[in-house]
Amino acid sequence: MSDATPLFQIENLHAGIEGKQILRGVNLTINRGEIHGLMGPNGSGKSTLAYVVAGHPNYEVMEGRVLFKGTNVLEMSADERARLGMFLAFQYPTVIPGVSMANFLRLAVNSVREGRGNGNGKPLPPREFRRMIREKMALLKMDEAFATRYLNEGFSGGEKKRAEILQLALLEPDFAILDETDSGLDIDALRTVSDGVNTVFTDQQAMLVITHYQRLLNYIKPHFVHVMLEGRIVESGGPELALELEDKGYDWLKEKHAS
Ligand code: ADP
Ligand code: MG
């Protein structure tokens, strides 16, 4: 990959689920160091975009490409995409009964290490992993007891989000999609989670932050903001676009782009 190759690029993506077309020609380019916000009314296709990019098996792609580090990832499994350095925080994280946070994270970290050839692809020794998880939890101001709990079992909304951010911190992906990371969070939890994201993000990474509300983007400040309507990105701009939407809602864009 030459330096000029964008880290992440979506070209003319058409995709849907159960025979229903939802994405109708999405184009998006994201470079290292950039945070992009993706906004839009409910049902406009934001989560669909996230799932398709992550390789969720229920979604079908009709047309277009998703290039990550110059490779079309649409041919790859979700697991292979993660190993290549992509990360998706799901809007509704699942419960995995009987798997502790720490075990889940160790498996995830080792899988990604193997894919990237870090440490010759060897699994991290348990002691090293414990050191790493302690360091990241301290960074995120998280209680160490958290790691011994079973994944998502009885987690509050805020705890699920923090678990995602811990995963983000440990995996150090090149590219992350956060889908509705703000949903179900009160203002304090929102601040903690956002601080966590801001703490772990470096200019060697890139991020797509999906949110219905402008609020999250006050805390995780995007360089670019895009608006999705009916499966297309109809408007792109700087952070001021999010403020405009906060002020005016989505109706003016719906009128402007009435199909
Ligand atoms: P957003 O995240 O912007 O709220 P989604 O991507 O979740 O939007 O949904 C886009 C459209 O796809 C909506 O019309 C929704 O009803 C539809 N949709 C989402 N999931 C499914 C599904 N499993 N089966 C059929 N339609 C779906
Ligand atoms: Mg959604």
# chains A, B, ... in the order shown; residues from 1 in each chain; ligands from 1
$ select_by_dssp --residues "range 22-232 of chain A" --states "strand (DSSP E or B)" --output "number ranges by chain"
A: 22-30, 35-39, 59-68, 71-72, 86-89, 100, 150, 175-179, 206-210, 224-229, 232
$ residues_near_ligand --ligand "ligand 2" --cutoff "9 Å" --atoms "only C-alpha atoms and all ligand atoms" --output "PDB file with N, CA and C atoms, in the first residue's frame"
ATOM      1  N   ASN A  42     -33.400   7.720  12.068  1.00  0.00           N
ATOM      2  CA  ASN A  42     -33.566   6.286  12.282  1.00  0.00           C
ATOM      3  C   ASN A  42     -34.042   5.622  10.995  1.00  0.00           C
ATOM      4  N   GLY A  43     -33.481   4.472  10.707  1.00  0.00           N
ATOM      5  CA  GLY A  43     -33.901   3.718   9.527  1.00  0.00           C
ATOM      6  C   GLY A  43     -33.242   4.167   8.241  1.00  0.00           C
ATOM      7  N   SER A  44     -32.285   5.095   8.306  1.00  0.00           N
ATOM      8  CA  SER A  44     -31.677   5.592   7.064  1.00  0.00           C
ATOM      9  C   SER A  44     -30.601   4.647   6.517  1.00  0.00           C
ATOM     10  N   GLY A  45     -30.150   3.693   7.344  1.00  0.00           N
ATOM     11  CA  GLY A  45     -29.198   2.699   6.838  1.00  0.00           C
ATOM     12  C   GLY A  45     -27.823   2.754   7.480  1.00  0.00           C
ATOM     13  N   LYS A  46     -27.682   3.501   8.567  1.00  0.00           N
ATOM     14  CA  LYS A  46     -26.370   3.677   9.205  1.00  0.00           C
ATOM     15  C   LYS A  46     -25.829   2.347   9.750  1.00  0.00           C
ATOM     16  N   SER A  47     -26.689   1.654  10.496  1.00  0.00           N
ATOM     17  CA  SER A  47     -26.232   0.368  11.063  1.00  0.00           C
ATOM     18  C   SER A  47     -25.999  -0.656   9.969  1.00  0.00           C
ATOM     19  N   THR A  48     -26.839  -0.607   8.944  1.00  0.00           N
ATOM     20  CA  THR A  48     -26.642  -1.517   7.814  1.00  0.00           C
ATOM     21  C   THR A  48     -25.242  -1.326   7.230  1.00  0.00           C
ATOM     22  N   ALA A  50     -22.616  -0.241   8.772  1.00  0.00           N
ATOM     23  CA  ALA A  50     -21.641  -0.784   9.719  1.00  0.00           C
ATOM     24  C   ALA A  50     -21.562  -2.307   9.614  1.00  0.00           C
ATOM     25  N   GLN A  91     -24.000  -2.196  17.958  1.00  0.00           N
ATOM     26  CA  GLN A  91     -25.015  -1.379  18.621  1.00  0.00           C
ATOM     27  C   GLN A  91     -25.667  -2.171  19.752  1.00  0.00           C
ATOM     28  N   ASP A 179     -20.931   2.246  16.519  1.00  0.00           N
ATOM     29  CA  ASP A 179     -22.322   2.462  16.127  1.00  0.00           C
ATOM     30  C   ASP A 179     -23.171   2.781  17.346  1.00  0.00           C
ATOM     31  N   GLU A 180     -23.689   3.994  17.392  1.00  0.00           N
ATOM     32  CA  GLU A 180     -24.573   4.431  18.492  1.00  0.00           C
ATOM     33  C   GLU A 180     -23.955   4.143  19.852  1.00  0.00           C
ATOM     34  N   ILE A 210     -20.881   6.571  14.411  1.00  0.00           N
ATOM     35  CA  ILE A 210     -22.259   6.641  13.932  1.00  0.00           C
ATOM     36  C   ILE A 210     -23.161   7.080  15.064  1.00  0.00           C
ATOM     37  N   THR A 211     -23.958   8.098  14.809  1.00  0.00           N
ATOM     38  CA  THR A 211     -24.877   8.534  15.851  1.00  0.00           C
ATOM     39  C   THR A 211     -26.071   9.272  15.262  1.00  0.00           C
ATOM     40  N   HIS A 212     -27.209   9.044  15.878  1.00  0.00           N
ATOM     41  CA  HIS A 212     -28.430   9.737  15.490  1.00  0.00           C
ATOM     42  C   HIS A 212     -28.417  11.171  16.025  1.00  0.00           C
TER      43      HIS A 212
END
$ residues_around --residues "Pro57 in chain A" --least-positions-apart "3" --cutoff "9 Å" --atoms "only C-alpha atoms" --output "PyMOL selection string"
chain A and resi 51-52+60+77-78
$ residues_around --residues "range 192-196 of chain A" --least-positions-apart "4" --cutoff "12 Å" --atoms "only C-alpha atoms" --output "NGL selection string"
:A and (136-142 or 157-170 or 178 or 180-188 or 200-201 or 209 or 215-221)
$ write_last_selection --atoms "C-alpha atoms" --output "tab-separated table (two decimals), in the first residue's frame"
chain	number	residue	atom	x	y	z
A	136	LYS	CA	-5.52	-0.30	29.60
A	137	MET	CA	-8.08	-0.50	32.40
A	138	ALA	CA	-6.12	2.03	34.41
A	139	LEU	CA	-6.01	4.27	31.34
A	140	LEU	CA	-9.79	4.02	31.04
A	141	LYS	CA	-10.29	4.39	34.82
A	142	MET	CA	-12.01	1.01	34.98
A	157	GLY	CA	-25.84	-0.09	29.08
A	158	GLY	CA	-22.90	1.96	30.26
A	159	GLU	CA	-20.85	-1.11	31.20
A	160	LYS	CA	-21.40	-2.67	27.77
A	161	LYS	CA	-20.10	0.47	26.14
A	162	ARG	CA	-17.09	0.55	28.43
A	163	ALA	CA	-16.42	-3.08	27.61
A	164	GLU	CA	-16.39	-2.12	23.94
A	165	ILE	CA	-13.96	0.70	24.59
A	166	LEU	CA	-11.68	-1.64	26.56
A	167	GLN	CA	-11.74	-3.97	23.58
A	168	LEU	CA	-10.89	-1.04	21.33
A	169	ALA	CA	-7.98	-0.09	23.59
A	170	LEU	CA	-6.56	-3.61	23.62
A	178	LEU	CA	-18.58	2.87	16.70
A	180	GLU	CA	-24.57	4.43	18.49
A	181	THR	CA	-21.99	4.29	21.25
A	182	ASP	CA	-24.08	6.91	23.02
A	183	SER	CA	-27.35	4.98	23.13
A	184	GLY	CA	-28.49	4.20	26.65
A	185	LEU	CA	-25.76	6.28	28.31
A	186	ASP	CA	-26.42	9.01	30.82
A	187	ILE	CA	-24.26	12.11	30.59
A	188	ASP	CA	-21.57	10.87	33.02
A	200	VAL	CA	-6.84	5.52	23.06
A	201	PHE	CA	-7.20	7.09	19.61
A	209	VAL	CA	-18.61	7.35	14.69
A	215	ARG	CA	-24.50	15.06	21.43
A	216	LEU	CA	-21.83	12.37	21.12
A	217	LEU	CA	-19.90	14.50	18.64
A	218	ASN	CA	-19.45	17.17	21.31
A	219	TYR	CA	-17.23	14.68	23.11
A	220	ILE	CA	-15.65	12.72	20.28
A	221	LYS	CA	-14.85	15.56	17.91
$ closest_residue --among "A:Val99, A:Leu253, A:Leu38, A:Leu243" --to "Leu151 in chain A" --atoms "only C-alpha atoms"
A:Val99
$ atom_distance --atom1 "CA of Ala176 in chain A" --atom2 "CA of Gly119 in chain A"
22.5 Å
$ atom_distance --atom1 "CA of Leu74 in chain A" --atom2 "CA of Val53 in chain A"
7.6 Å
